[in-house]
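Student: mmCIF, C-alpha atoms, saved as my_file04.cif, coming up:
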```cif
data_run
loop_
_atom_site.group_PDB
_atom_site.id
_atom_site.type_symbol
_atom_site.label_atom_id
_atom_site.label_comp_id
_atom_site.auth_asym_id
_atom_site.auth_seq_id
_atom_site.Cartn_x
_atom_site.Cartn_y
_atom_site.Cartn_z
ATOM 1 C CA MET S 8 -5.423 2.841 13.705
ATOM 2 C CA ILE S 9 -4.470 -0.494 12.213
ATOM 3 C CA GLU S 10 -2.328 -2.896 14.214
ATOM 4 C CA ARG S 11 1.327 -3.036 13.251
ATOM 5 C CA ARG S 12 1.347 -6.843 13.025
ATOM 6 C CA ILE S 13 -1.358 -6.679 10.353
ATOM 7 C CA VAL S 14 0.604 -4.128 8.354
ATOM 8 C CA ARG S 15 3.739 -6.238 8.743
ATOM 9 C CA ARG S 16 1.919 -9.281 7.359
ATOM 10 C CA TYR S 17 0.705 -7.376 4.297
ATOM 11 C CA ALA S 18 4.083 -5.688 3.761
ATOM 12 C CA SER S 19 5.786 -9.076 3.975
ATOM 13 C CA ALA S 20 3.489 -10.484 1.293
ATOM 14 C CA LEU S 21 4.167 -7.430 -0.867
ATOM 15 C CA PHE S 22 7.912 -7.836 -0.378
ATOM 16 C CA ALA S 23 7.673 -11.492 -1.426
ATOM 17 C CA ALA S 24 5.683 -10.575 -4.540
ATOM 18 C CA ALA S 25 8.125 -7.787 -5.400
ATOM 19 C CA SER S 26 11.080 -10.150 -4.937
ATOM 20 C CA LYS S 27 9.478 -12.711 -7.216
ATOM 21 C CA ALA S 28 8.886 -10.004 -9.845
ATOM 22 C CA ASN S 29 12.432 -8.652 -9.385
ATOM 23 C CA ALA S 30 10.898 -5.285 -8.486
ATOM 24 C CA VAL S 31 11.891 -4.707 -4.837
ATOM 25 C CA ASP S 32 13.395 -1.257 -5.446
ATOM 26 C CA GLN S 33 10.609 -0.218 -7.813
ATOM 27 C CA VAL S 34 7.928 -1.129 -5.276
ATOM 28 C CA GLU S 35 9.761 0.790 -2.558
ATOM 29 C CA SER S 36 9.822 3.837 -4.828
ATOM 30 C CA ASP S 37 6.136 3.309 -5.649
ATOM 31 C CA LEU S 38 5.221 3.243 -1.979
ATOM 32 C CA GLY S 39 7.009 6.556 -1.520
ATOM 33 C CA LEU S 40 4.992 8.069 -4.369
ATOM 34 C CA VAL S 41 1.729 6.721 -2.976
ATOM 35 C CA GLY S 42 2.581 8.022 0.494
ATOM 36 C CA TYR S 43 3.416 11.441 -0.914
ATOM 37 C CA ALA S 44 0.126 11.535 -2.833
ATOM 38 C CA LEU S 45 -1.823 10.666 0.308
ATOM 39 C CA GLU S 46 0.015 13.305 2.347
ATOM 40 C CA SER S 47 -0.561 15.898 -0.365
ATOM 41 C CA SER S 48 -4.241 15.129 -0.748
ATOM 42 C CA PRO S 49 -6.230 14.650 2.445
ATOM 43 C CA ALA S 50 -9.335 14.309 0.261
ATOM 44 C CA LEU S 51 -7.826 11.244 -1.398
ATOM 45 C CA TRP S 52 -7.074 9.688 1.984
ATOM 46 C CA ASP S 53 -10.584 10.474 3.240
ATOM 47 C CA THR S 54 -12.013 8.825 0.135
ATOM 48 C CA LEU S 55 -9.939 5.686 0.567
ATOM 49 C CA VAL S 56 -10.883 5.169 4.208
ATOM 50 C CA SER S 57 -14.541 6.072 3.774
ATOM 51 C CA PRO S 58 -16.854 3.147 4.568
ATOM 52 C CA ILE S 59 -19.497 4.695 2.296
ATOM 53 C CA ILE S 60 -17.505 4.465 -0.930
ATOM 54 C CA PRO S 61 -17.609 0.969 -2.452
ATOM 55 C CA PRO S 62 -14.339 -0.894 -3.016
ATOM 56 C CA GLU S 63 -14.885 -0.943 -6.788
ATOM 57 C CA LYS S 64 -14.962 2.865 -6.846
ATOM 58 C CA LYS S 65 -11.839 3.079 -4.666
ATOM 59 C CA ARG S 66 -9.990 0.701 -7.009
ATOM 60 C CA GLU S 67 -11.088 2.817 -9.972
ATOM 61 C CA ILE S 68 -9.803 5.977 -8.285
ATOM 62 C CA LEU S 69 -6.454 4.354 -7.483
ATOM 63 C CA ALA S 70 -6.108 3.121 -11.068
ATOM 64 C CA ASP S 71 -6.974 6.570 -12.455
ATOM 65 C CA ILE S 72 -4.302 8.191 -10.297
ATOM 66 C CA PHE S 73 -1.510 5.625 -10.308
ATOM 67 C CA GLU S 74 -1.816 3.422 -13.390
ATOM 68 C CA GLY S 75 1.275 3.894 -15.524
ATOM 69 C CA LYS S 76 3.071 5.639 -12.647
ATOM 70 C CA ILE S 77 3.601 2.645 -10.350
ATOM 71 C CA SER S 78 4.279 -1.015 -11.000
ATOM 72 C CA GLY S 79 1.516 -3.545 -11.429
ATOM 73 C CA VAL S 80 2.707 -5.272 -8.266
ATOM 74 C CA THR S 81 2.116 -2.126 -6.223
ATOM 75 C CA LEU S 82 -1.210 -1.321 -7.868
ATOM 76 C CA SER S 83 -2.411 -4.885 -7.239
ATOM 77 C CA TYR S 84 -1.337 -4.559 -3.612
ATOM 78 C CA LEU S 85 -3.347 -1.358 -3.193
ATOM 79 C CA GLY S 86 -6.352 -3.111 -4.726
ATOM 80 C CA LEU S 87 -5.933 -6.030 -2.337
ATOM 81 C CA LEU S 88 -5.939 -3.692 0.664
ATOM 82 C CA VAL S 89 -9.109 -2.047 -0.635
ATOM 83 C CA ASP S 90 -10.795 -5.413 -1.225
ATOM 84 C CA LYS S 91 -9.902 -6.580 2.284
ATOM 85 C CA ARG S 92 -11.019 -3.262 3.801
ATOM 86 C CA ARG S 93 -7.493 -2.618 5.083
ATOM 87 C CA GLU S 94 -7.045 0.781 3.461
ATOM 88 C CA GLU S 95 -5.490 2.154 6.651
ATOM 89 C CA ALA S 96 -2.494 -0.107 6.005
ATOM 90 C CA ILE S 97 -1.579 1.869 2.876
ATOM 91 C CA ARG S 98 0.068 4.667 4.861
ATOM 92 C CA GLU S 99 1.932 2.267 7.131
ATOM 93 C CA THR S 100 3.212 -0.130 4.485
ATOM 94 C CA GLU S 101 6.216 1.875 3.289
ATOM 95 C CA ALA S 102 7.971 1.868 6.666
ATOM 96 C CA GLU S 103 7.389 -1.867 7.161
ATOM 97 C CA TYR S 104 8.471 -2.651 3.605
ATOM 98 C CA VAL S 105 11.709 -0.669 3.980
ATOM 99 C CA ALA S 106 12.397 -2.418 7.299
ATOM 100 C CA LEU S 107 11.951 -5.801 5.599
ATOM 101 C CA GLY S 108 14.420 -4.772 2.920
ATOM 102 C CA LYS S 109 16.974 -3.712 5.511
ATOM 103 C CA ARG S 110 16.569 -6.972 7.413
ATOM 104 C CA GLY S 111 17.051 -8.878 4.178
ATOM 105 C CA ALA S 112 20.162 -6.892 3.305
ATOM 106 C CA ARG S 113 21.692 -7.651 6.713
ATOM 107 C CA ALA S 114 20.930 -11.353 6.311
ATOM 108 C CA SER S 115 22.805 -11.464 2.981
#
```
Please rewrite the model in this file as structure tokens.

Tutor:
Amino acid sequence: MIERRIVRRYASALFAAASKANAVDQVESDLGLVGYALESSPALWDTLVSPIIPPEKKREILADIFEGKISGVTLSYLGLLVDKRREEAIRETEAEYVALGKRGARAS
């Protein structure tokens, strides 16, 4: 299990990128779709966390499934997690991202 502070750091970077791209709500929706896909397909999750499958193949799989269905910001984020071998953070990101959005809304 990945540490929450690590997930928070990645989710914070994603939130910043989404804010810059004016896509905060879109990315939140994307994360919901990705989470649903992972819940619906244990084989997909097993593939993403497998140490045997090279990152390039994982990125290709993610692009095949999600390209055109999620924003480029979100797809780039998923690729970053794969490249950094932090695939376990994918499942945890949505909750942290939503929490960041709520904190930001309260600060406004």

Student: Select, from S:Ile97, S:Val41, S:Val105, S:Val56, the residue with the minimum atom-to-atom distance to S:Val14, counting only C-alpha atoms.

Tutor: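 So, comparing all the options, the nearest one is S:Ile97.
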
Student: Report as a PyMOL selection string the residues that result from applying the PyMOL selection byres ((chain S and resi 76) around 12) to the structure here.

Tutor: chain S and resi 33-34+36-41+44+69-75+77-82

Student: Just the number, please: distance in Å from atom CA of S:Thr54 to atom CA of S:Tyr17, one decimal.

Tutor: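 Computing it gives 21.0 Å between the two atoms.
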
Student: Return as JSON the box centre and box size in Å, one decimal, for an axis-aligned box around all listed atoms of stretch 67-78 of chain S padded by 4 Å per side.

Tutor:
```
{"center_x": -3.4, "center_y": 3.6, "center_z": -11.5, "size_x": 23.4, "size_y": 17.2, "size_z": 16.0}
```

Student: Which residues, written as a CSV table (one decimal) with C-alpha atoms, in the frame of the given file, have at least one atom at most 12 Å from S:Arg98, with all atoms listed in the file counted and residues fewer than 4 positions away on the same chain left out?

Tutor:
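Result file follows (result26.csv):
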```csv
chain,number,residue,atom,x,y,z
S,8,MET,CA,-5.4,2.8,13.7
S,9,ILE,CA,-4.5,-0.5,12.2
S,11,ARG,CA,1.3,-3.0,13.3
S,14,VAL,CA,0.6,-4.1,8.4
S,18,ALA,CA,4.1,-5.7,3.8
S,38,LEU,CA,5.2,3.2,-2.0
S,39,GLY,CA,7.0,6.6,-1.5
S,40,LEU,CA,5.0,8.1,-4.4
S,41,VAL,CA,1.7,6.7,-3.0
S,42,GLY,CA,2.6,8.0,0.5
S,43,TYR,CA,3.4,11.4,-0.9
S,44,ALA,CA,0.1,11.5,-2.8
S,45,LEU,CA,-1.8,10.7,0.3
S,46,GLU,CA,0.0,13.3,2.3
S,52,TRP,CA,-7.1,9.7,2.0
S,55,LEU,CA,-9.9,5.7,0.6
S,56,VAL,CA,-10.9,5.2,4.2
S,85,LEU,CA,-3.3,-1.4,-3.2
S,88,LEU,CA,-5.9,-3.7,0.7
S,93,ARG,CA,-7.5,-2.6,5.1
S,94,GLU,CA,-7.0,0.8,3.5
S,102,ALA,CA,8.0,1.9,6.7
S,103,GLU,CA,7.4,-1.9,7.2
S,104,TYR,CA,8.5,-2.7,3.6
```

Student: Would you compute the distance between atom CA of S:Thr100 and atom CA of S:Ser26? Give it in Å to one decimal.

Tutor: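 Atom CA of S:Thr100 sits 15.8 Å away from atom CA of S:Ser26.
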
Student: When distances are computed from only C-alpha atoms, which of S:Tyr84, S:Ala30, S:Arg92, S:Arg15 shows the smallest separation from S:Pro58?

Tutor: S:Arg92

Student: Check the smallest atom-to-atom distance from each of S:Asp53, S:Asp90, S:Glu67, S:Asp32 to S:Lys109 using only C-alpha atoms, then report the winner.

Tutor: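 For S:Lys109, the nearest of the candidates is S:Asp32.
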
Student: Quick check, in Å to one decimal: how far apart do atom CA of S:Gly108 and atom CA of S:Ser83 lie?

Tutor: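 Between atom CA of S:Gly108 and atom CA of S:Ser83 the gap is 19.7 Å.
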